[in-house]
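Undergrad: Please see the structure below; I have some questions.
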Amino acid sequence: MKHISKEHSTVLKLLWVAVLVFGVAAFSGVHAQDGEKLFKQNCSACHKVDKDLVGPALKGVQERWAGKEELLYEWIKNPAKVKDMGDPYVDKMLAEWMPKGGLMAAQLVNNEEIDAILKYVADWQPAVAAVPATGTADGAAQAPGAAADTGISAVWLIIVAFILLVLIFSLVGVRSSLTRLNSAILDSEGEEVAPALSSGERFKAWMWKNKTFVAIISILVLVYFTVLGYDALMGIGVYQGYTPEQPIKFNHTLHAGTNEIACVYCHSSALKSKHAGIPSANVCMNCHTGINEGQSAEGTAEIAKIYDAIGWDLESRSYTGEEKPIKWVKVHNLPDLAYFNHAQHYVVGEIECQECHGQIQQDYTVAGQFAPLTMGWCIDCHNNTAVRMDGNGYYDEVHERLVDHGKEELKKYLEDGTISVKDLGGWECSKCHY
Amino acid sequence: MNLTKSIHIKALFTTAFGLLLLSSCVRDEQSPGYEYMPDMYRSPAIEAYVDYGEIRDTIRPELNLTMSARQPVEGTVPMSEYAMNDMPYSIPNTPEGYELAGEVLKSPYPQSQKIILEGTEVYANFCVQCHGAKGKGDGAVVIKGGHPAPPAYDGTLKDLSEGKMFHTITYGKGLMGSHASQISKSDRWKVIAFVKTLQNPDAQVTEQNGSEADTTGTAEMPN
């Protein structure tokens, strides 16, 4: 420091002062763009700018509180205190909104931040209608489109078959008239006419002449009917691929995929019971009280079906009490002779939902049956899947007995060194049939 | 001339046949398929989610709301070691009730590592999609789904008492709906134990693991 001259140190001091002054100026003032952030942090859980939500729409709040700015600051920071002050406007507002959303929570904001929020609200403009998000909306629209495609191809097949039939008949007609003409010519010329053959004999002769073609067609017919018969027999009672149209086109890809909602959030019975459960409409309403517009017009219409079923009036944001059941179509139907338990597999066995239901968060919009649910499929998995014992809790005792103390004993039963469900009795008939 | 004609016919016939084979591969997604001996599938023992009043277009109104089990009498308490947790919740869903819950309700569980771990699982299933992994109100439903953000646990909700949390999970508050149908009372207290760690990330956890009788919550074997 000794070497620094006096002028230098003065310059340094000045620099410091400048930096401090500008720093304080930059950080103390709350910028307008912070208003949006502050609004989202503190207000948006209950308020929208343009629409009533849990609390009233904030548009025009400054006009409503005109002349009582100090009280507004106080209200936002400590509503419980202002509530009892007896201001006529506050009393009127509370009478309207308290029954719906309760008292507003005290917000940890200072007056400057409140000013920023109020400025954001005052300057707020509705967002310009964006280009509708394609991805998921298209996904939802594809399912009916695909069904329509198969319909069209069936129609085309019928048309092609009809044209072929017409061709065959006309060719047969041409052939027979040619034969008649030929024999008439021969007859008129006094030559010997070949003896008329019956159509059966002619067909026989034709088959004899076209042995290769007849053989190929016969093999094709045989294979076709064998495969058809085998498929029909093996498909009896197997619903694999069954994707019926549901009363609400619920989009699994959007909910479980994009929005990362856990499967058991809606199918919460899978944690505790035999059934995974179809969520009741109140579970839908946990989010859809806040989200009433889908990503497309179709989505909005589907959400409206929930409101219709549970009796939610969007205008007054309250339940009307008029409820209608949603008639979901049952997809998976295990015959009554077999027992299956979701909790046993999901909680104890730690089997992911996707192992039996497919990549439902990516591939499905409306759910269909992914697994065949045949007995062969069940016991294959019981044979091949190693029991997930580590840190599981449910298997601590079995694991200890089998692995830690009974390794020699265990080897007698294990061929491949892994403990499968089968080794724990997963192939006993009475595990599933009783 | 005869030869060319017959080749034409053969080609046409084979093509038509091939198309027929292809068309048989189309499966009707709207139909479950065939059932052999439907009685084996649709037995008189009542299965859930089956409308016995309308099976395969056969309408039998008298079977419309067939139930295998009756609802327990209102206020029924399960007999178990968790009975105290499963007592009916008597505080009403009013602003006064919310304040009251904050004063009187206390968690039956200790703030131990084990309970927090079990609460973490509940949080991952039922809370994370809105409140976010760190409880900052930035879950996927908020970021990607456009749902309004809930307040942060280490912000506005830093001093929220456990009783108020329990009341909120039970009845819902603001835009959050009631989660009483999805989360059992025991699980509610466990997830609150985890949320408390989000409110105060630096707080110490009492290390009295597993000695309490009521911490064996997840060892119930479903049957």
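Labels used: A, B, ... for chains in the order of the structure tokens, numbers from 1 for residues in each chain, and numbers from 1 for ligands as shown.
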For the strand (DSSP E or B) assignment from backbone DSSP, which residues of stretch 8-222 of chain B qualify? Please present them as a list in words.
TA: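 Residues meeting the strand (DSSP E or B) criterion: Glu54, Ile55, Thr58, Ile59, Ser112, Lys173, Met176 and Thr206 of chain B.
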Undergrad: Output N, CA and C atoms for every residue in that selection, as a PDB file, in the first residue's frame.
TA:
```pdb
ATOM      1  N   GLU B  54     -75.726 -53.990 -16.916  1.00  0.00           N
ATOM      2  CA  GLU B  54     -75.597 -53.826 -18.363  1.00  0.00           C
ATOM      3  C   GLU B  54     -74.354 -54.551 -18.836  1.00  0.00           C
ATOM      4  N   ILE B  55     -74.500 -55.869 -19.100  1.00  0.00           N
ATOM      5  CA  ILE B  55     -73.380 -56.635 -19.611  1.00  0.00           C
ATOM      6  C   ILE B  55     -73.702 -57.073 -21.021  1.00  0.00           C
ATOM      7  N   THR B  58     -77.128 -56.625 -22.488  1.00  0.00           N
ATOM      8  CA  THR B  58     -78.259 -57.172 -21.749  1.00  0.00           C
ATOM      9  C   THR B  58     -78.529 -56.250 -20.562  1.00  0.00           C
ATOM     10  N   ILE B  59     -79.697 -55.637 -20.547  1.00  0.00           N
ATOM     11  CA  ILE B  59     -80.008 -54.657 -19.516  1.00  0.00           C
ATOM     12  C   ILE B  59     -80.811 -55.331 -18.401  1.00  0.00           C
ATOM     13  N   SER B 112     -38.339 -38.263  13.073  1.00  0.00           N
ATOM     14  CA  SER B 112     -37.168 -39.134  12.931  1.00  0.00           C
ATOM     15  C   SER B 112     -36.871 -39.406  11.466  1.00  0.00           C
ATOM     16  N   LYS B 173     -57.192 -26.266   0.334  1.00  0.00           N
ATOM     17  CA  LYS B 173     -57.213 -24.833   0.626  1.00  0.00           C
ATOM     18  C   LYS B 173     -56.887 -24.088  -0.648  1.00  0.00           C
ATOM     19  N   MET B 176     -55.857 -25.871  -4.011  1.00  0.00           N
ATOM     20  CA  MET B 176     -55.528 -27.266  -3.716  1.00  0.00           C
ATOM     21  C   MET B 176     -56.787 -27.969  -3.223  1.00  0.00           C
ATOM     22  N   THR B 206     -34.085 -35.614  14.796  1.00  0.00           N
ATOM     23  CA  THR B 206     -33.835 -36.436  15.987  1.00  0.00           C
ATOM     24  C   THR B 206     -33.520 -37.860  15.542  1.00  0.00           C
TER      25      THR B 206
END
```
Undergrad: Would you pick out the contacts of B:Tyr98 at 10 Å or less, using only C-alpha atoms, so that residues sharing its chain but fewer than 2 positions from it are not included, and give the list as a list of chain:residue names?
TA: A:Gly102, A:Leu103, B:Ile91, B:Pro92, B:Asn93, B:Thr94, B:Pro95, B:Glu96, B:Leu100, B:Ala101, B:Gly102, B:Glu103, B:Gly163, B:Lys164, B:Met165, B:Phe166, B:His167, B:Thr168, B:Tyr171, B:Lys173
Undergrad: Selection from above, N, CA and C atoms, as an mmCIF file, in the first residue's frame, can you write it?
TA:
```
data_model
loop_
_atom_site.group_PDB
_atom_site.id
_atom_site.type_symbol
_atom_site.label_atom_id
_atom_site.label_comp_id
_atom_site.auth_asym_id
_atom_site.auth_seq_id
_atom_site.Cartn_x
_atom_site.Cartn_y
_atom_site.Cartn_z
ATOM 1 N N GLY A 102 -61.732 -18.661 2.290
ATOM 2 C CA GLY A 102 -61.143 -18.367 3.590
ATOM 3 C C GLY A 102 -60.424 -17.029 3.556
ATOM 4 N N LEU A 103 -59.731 -16.711 4.645
ATOM 5 C CA LEU A 103 -59.020 -15.443 4.737
ATOM 6 C C LEU A 103 -57.688 -15.559 4.008
ATOM 7 N N ILE B 91 -62.536 -31.372 13.305
ATOM 8 C CA ILE B 91 -62.441 -29.916 13.126
ATOM 9 C C ILE B 91 -63.127 -29.531 11.808
ATOM 10 N N PRO B 92 -64.050 -28.558 11.846
ATOM 11 C CA PRO B 92 -64.812 -28.233 10.633
ATOM 12 C C PRO B 92 -63.982 -27.494 9.590
ATOM 13 N N ASN B 93 -64.450 -27.559 8.339
ATOM 14 C CA ASN B 93 -63.765 -26.922 7.220
ATOM 15 C C ASN B 93 -64.167 -25.456 7.135
ATOM 16 N N THR B 94 -63.692 -24.648 8.067
ATOM 17 C CA THR B 94 -63.981 -23.210 8.092
ATOM 18 C C THR B 94 -62.686 -22.464 8.380
ATOM 19 N N PRO B 95 -62.642 -21.171 8.098
ATOM 20 C CA PRO B 95 -61.433 -20.404 8.446
ATOM 21 C C PRO B 95 -61.093 -20.529 9.933
ATOM 22 N N GLU B 96 -62.121 -20.584 10.793
ATOM 23 C CA GLU B 96 -61.857 -20.729 12.230
ATOM 24 C C GLU B 96 -61.250 -22.102 12.514
ATOM 25 N N LEU B 100 -57.858 -23.139 14.360
ATOM 26 C CA LEU B 100 -57.926 -24.058 15.500
ATOM 27 C C LEU B 100 -56.993 -25.251 15.286
ATOM 28 N N ALA B 101 -57.026 -25.806 14.063
ATOM 29 C CA ALA B 101 -56.165 -26.953 13.750
ATOM 30 C C ALA B 101 -54.706 -26.586 13.967
ATOM 31 N N GLY B 102 -54.355 -25.356 13.572
ATOM 32 C CA GLY B 102 -52.986 -24.899 13.743
ATOM 33 C C GLY B 102 -52.565 -24.868 15.195
ATOM 34 N N GLU B 103 -53.534 -24.609 16.077
ATOM 35 C CA GLU B 103 -53.187 -24.516 17.502
ATOM 36 C C GLU B 103 -53.154 -25.874 18.186
ATOM 37 N N GLY B 163 -50.333 -28.546 12.205
ATOM 38 C CA GLY B 163 -51.781 -28.710 12.289
ATOM 39 C C GLY B 163 -52.494 -28.103 11.098
ATOM 40 N N LYS B 164 -52.025 -26.922 10.663
ATOM 41 C CA LYS B 164 -52.631 -26.281 9.489
ATOM 42 C C LYS B 164 -52.365 -27.107 8.238
ATOM 43 N N MET B 165 -51.175 -27.711 8.163
ATOM 44 C CA MET B 165 -50.873 -28.572 7.005
ATOM 45 C C MET B 165 -51.850 -29.741 6.968
ATOM 46 N N PHE B 166 -52.064 -30.362 8.118
ATOM 47 C CA PHE B 166 -52.961 -31.520 8.174
ATOM 48 C C PHE B 166 -54.369 -31.108 7.747
ATOM 49 N N HIS B 167 -54.811 -29.964 8.259
ATOM 50 C CA HIS B 167 -56.133 -29.440 7.913
ATOM 51 C C HIS B 167 -56.220 -29.210 6.401
ATOM 52 N N THR B 168 -55.147 -28.653 5.822
ATOM 53 C CA THR B 168 -55.144 -28.339 4.389
ATOM 54 C C THR B 168 -55.168 -29.608 3.540
ATOM 55 N N TYR B 171 -58.861 -31.043 3.898
ATOM 56 C CA TYR B 171 -59.982 -30.325 3.281
ATOM 57 C C TYR B 171 -59.603 -29.597 1.995
ATOM 58 N N LYS B 173 -57.192 -26.266 0.334
ATOM 59 C CA LYS B 173 -57.213 -24.833 0.626
ATOM 60 C C LYS B 173 -56.887 -24.088 -0.648
#
```
Undergrad: Show me, as number ranges by chain, the residues that have an atom within 9 Å of stretch 278-295 of chain A when counting only C-alpha atoms, minus same-chain residues fewer than 3 positions from it.
TA: A: 53-54, 132-134, 136-137, 265-269, 275, 298-304, 306-307, 309-310, 312, 314, 317, 325-326, 328; B: 49, 141, 145-148, 172, 175-179, 181-182
Undergrad: For N, CA and C atoms, I'd like the residues from the last selection saved as a compact mmCIF listing (two decimals), in the first residue's frame.
TA:
```
# COMPACT_ATOMS: atom_id res chain seq x y z
N LEU A 53 -60.71 -16.35 -9.14
CA LEU A 53 -60.25 -17.72 -8.91
C LEU A 53 -60.67 -18.05 -7.49
N VAL A 54 -59.73 -18.37 -6.61
CA VAL A 54 -60.07 -18.55 -5.20
C VAL A 54 -60.42 -17.19 -4.61
N PRO A 132 -51.71 -22.99 -31.39
CA PRO A 132 -52.10 -24.10 -30.51
C PRO A 132 -51.01 -25.17 -30.44
N ALA A 133 -50.72 -25.58 -29.22
CA ALA A 133 -49.71 -26.62 -29.03
C ALA A 133 -50.13 -27.86 -29.79
N THR A 134 -49.23 -28.38 -30.60
CA THR A 134 -49.62 -29.51 -31.45
C THR A 134 -49.49 -30.83 -30.71
N THR A 136 -49.51 -33.00 -28.09
CA THR A 136 -50.49 -33.84 -27.41
C THR A 136 -51.85 -33.77 -28.07
N ALA A 137 -52.20 -32.56 -28.56
CA ALA A 137 -53.51 -32.43 -29.19
C ALA A 137 -53.60 -33.37 -30.38
N TYR A 265 -50.98 -41.26 -8.08
CA TYR A 265 -51.70 -40.07 -7.62
C TYR A 265 -53.20 -40.27 -7.90
N CYS A 266 -53.52 -40.75 -9.08
CA CYS A 266 -54.92 -40.99 -9.42
C CYS A 266 -55.33 -42.42 -9.06
N HIS A 267 -54.47 -43.39 -9.38
CA HIS A 267 -54.81 -44.78 -9.08
C HIS A 267 -54.26 -45.12 -7.69
N SER A 268 -54.67 -44.36 -6.68
CA SER A 268 -54.03 -44.48 -5.36
C SER A 268 -54.38 -45.79 -4.67
N SER A 269 -55.45 -46.47 -5.09
CA SER A 269 -55.78 -47.74 -4.45
C SER A 269 -54.70 -48.79 -4.71
N HIS A 275 -57.36 -53.61 -6.24
CA HIS A 275 -57.61 -52.83 -7.44
C HIS A 275 -56.73 -51.60 -7.50
N GLU A 298 -60.64 -29.56 -28.16
CA GLU A 298 -61.12 -30.88 -27.76
C GLU A 298 -60.84 -31.12 -26.28
N GLY A 299 -59.63 -30.73 -25.86
CA GLY A 299 -59.24 -30.92 -24.47
C GLY A 299 -60.18 -30.16 -23.54
N THR A 300 -60.49 -28.92 -23.90
CA THR A 300 -61.40 -28.12 -23.08
C THR A 300 -62.76 -28.79 -22.97
N ALA A 301 -63.21 -29.37 -24.09
CA ALA A 301 -64.52 -30.06 -24.09
C ALA A 301 -64.48 -31.27 -23.16
N GLU A 302 -63.33 -31.99 -23.15
CA GLU A 302 -63.22 -33.17 -22.27
C GLU A 302 -63.22 -32.75 -20.81
N ILE A 303 -62.53 -31.63 -20.50
CA ILE A 303 -62.51 -31.14 -19.11
C ILE A 303 -63.92 -30.75 -18.69
N ALA A 304 -64.67 -30.16 -19.62
CA ALA A 304 -66.05 -29.76 -19.31
C ALA A 304 -66.89 -30.97 -18.91
N ILE A 306 -65.90 -33.44 -17.06
CA ILE A 306 -65.68 -33.67 -15.63
C ILE A 306 -66.60 -32.75 -14.83
N TYR A 307 -66.64 -31.47 -15.24
CA TYR A 307 -67.47 -30.50 -14.53
C TYR A 307 -68.93 -30.92 -14.56
N ALA A 309 -70.03 -33.98 -14.78
CA ALA A 309 -70.24 -35.16 -13.94
C ALA A 309 -70.28 -34.81 -12.47
N ILE A 310 -69.39 -33.92 -12.05
CA ILE A 310 -69.28 -33.64 -10.60
C ILE A 310 -70.14 -32.45 -10.21
N TRP A 312 -69.85 -29.01 -11.23
CA TRP A 312 -69.05 -27.81 -10.91
C TRP A 312 -69.48 -26.70 -11.84
N LEU A 314 -68.70 -23.41 -13.48
CA LEU A 314 -67.47 -22.67 -13.77
C LEU A 314 -67.65 -21.18 -13.49
N ARG A 317 -67.89 -20.82 -9.68
CA ARG A 317 -66.84 -21.61 -9.06
C ARG A 317 -67.35 -22.30 -7.79
N PRO A 325 -72.75 -40.14 -12.55
CA PRO A 325 -71.57 -41.01 -12.63
C PRO A 325 -70.95 -40.98 -14.02
N ILE A 326 -69.62 -41.09 -14.06
CA ILE A 326 -68.94 -41.24 -15.35
C ILE A 326 -68.89 -42.73 -15.65
N TRP A 328 -67.23 -45.23 -17.05
CA TRP A 328 -65.99 -45.75 -17.63
C TRP A 328 -66.22 -47.19 -18.09
N TYR B 49 -66.11 -52.38 -10.30
CA TYR B 49 -66.08 -51.68 -11.59
C TYR B 49 -66.81 -52.44 -12.70
N VAL B 141 -46.51 -29.87 -13.16
CA VAL B 141 -47.86 -29.40 -13.48
C VAL B 141 -47.88 -27.87 -13.56
N GLY B 145 -47.69 -27.65 -17.19
CA GLY B 145 -49.15 -27.76 -17.31
C GLY B 145 -49.89 -26.45 -17.16
N GLY B 146 -49.18 -25.39 -16.70
CA GLY B 146 -49.82 -24.09 -16.60
C GLY B 146 -50.71 -23.90 -15.39
N HIS B 147 -50.59 -24.78 -14.40
CA HIS B 147 -51.36 -24.60 -13.17
C HIS B 147 -50.72 -23.48 -12.36
N PRO B 148 -51.53 -22.62 -11.71
CA PRO B 148 -50.93 -21.57 -10.88
C PRO B 148 -50.02 -22.17 -9.82
N GLY B 172 -58.31 -29.39 1.79
CA GLY B 172 -57.89 -28.56 0.67
C GLY B 172 -57.92 -27.10 1.09
N LEU B 175 -56.62 -23.29 -4.23
CA LEU B 175 -56.78 -24.11 -5.43
C LEU B 175 -56.47 -25.57 -5.17
N MET B 176 -55.86 -25.87 -4.01
CA MET B 176 -55.53 -27.27 -3.72
C MET B 176 -56.79 -27.97 -3.22
N GLY B 177 -57.07 -29.13 -3.82
CA GLY B 177 -58.25 -29.86 -3.42
C GLY B 177 -57.98 -30.75 -2.23
N SER B 178 -59.04 -31.35 -1.71
CA SER B 178 -58.90 -32.27 -0.59
C SER B 178 -58.19 -33.54 -1.05
N HIS B 179 -57.17 -33.95 -0.31
CA HIS B 179 -56.48 -35.20 -0.64
C HIS B 179 -56.82 -36.30 0.35
N SER B 181 -59.13 -38.46 0.26
CA SER B 181 -59.49 -39.75 -0.32
C SER B 181 -58.26 -40.51 -0.79
N GLN B 182 -57.13 -39.84 -0.94
CA GLN B 182 -55.94 -40.49 -1.47
C GLN B 182 -54.88 -40.79 -0.40
```
Undergrad: If we count only C-alpha atoms and set the cut-off at 12 Å, which residues sit around stretch 29-46 of chain B, ignoring sequence neighbours fewer than 6 positions away in its own chain? Please answer as a PyMOL selection string.
TA: (chain A and resi 143-144+146-147+150+231-246+329-338+366-370+372) or (chain B and resi 52+54-56+63-69)
Undergrad: Go through B:Lys136, B:Lys106, B:Lys144, B:Lys114 and flag the residue nearest chain A, using only C-alpha atoms for the distances.
TA: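 Under the stated criterion, the closest residue is B:Lys144.
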Undergrad: Which neighbours of B:Ala124 fall inside 10 Å, counting only C-alpha atoms, when residues of the same chain fewer than 4 positions from it are skipped, and could you give them as a PDB file with C-alpha atoms, in the first residue's frame?
TA:
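Contents of the output file result.pdb:
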```pdb
ATOM      1  CA  ILE A 261     -47.997 -36.942 -12.303  1.00  0.00           C
ATOM      2  CA  ALA A 262     -47.312 -40.239 -10.520  1.00  0.00           C
ATOM      3  CA  VAL A 264     -50.652 -43.697  -8.042  1.00  0.00           C
ATOM      4  CA  TYR A 265     -51.703 -40.069  -7.625  1.00  0.00           C
TER       5      TYR A 265
ATOM      6  CA  GLY B 119     -43.024 -39.209   4.144  1.00  0.00           C
ATOM      7  CA  THR B 120     -40.700 -38.685   1.176  1.00  0.00           C
ATOM      8  CA  VAL B 128     -44.220 -33.270  -6.018  1.00  0.00           C
ATOM      9  CA  GLN B 129     -46.058 -32.650  -9.291  1.00  0.00           C
ATOM     10  CA  GLY B 132     -41.803 -29.404  -6.781  1.00  0.00           C
ATOM     11  CA  ALA B 133     -38.974 -31.591  -5.533  1.00  0.00           C
ATOM     12  CA  VAL B 191     -45.562 -36.372   4.627  1.00  0.00           C
TER      13      VAL B 191
END
```
Undergrad: Contacts of B:Gly135 at 9 Å or less, counting only C-alpha atoms, minus same-chain residues fewer than 6 places along, as a ChimeraX atom specification?
TA: /B:127-128,151-154,195,198-199
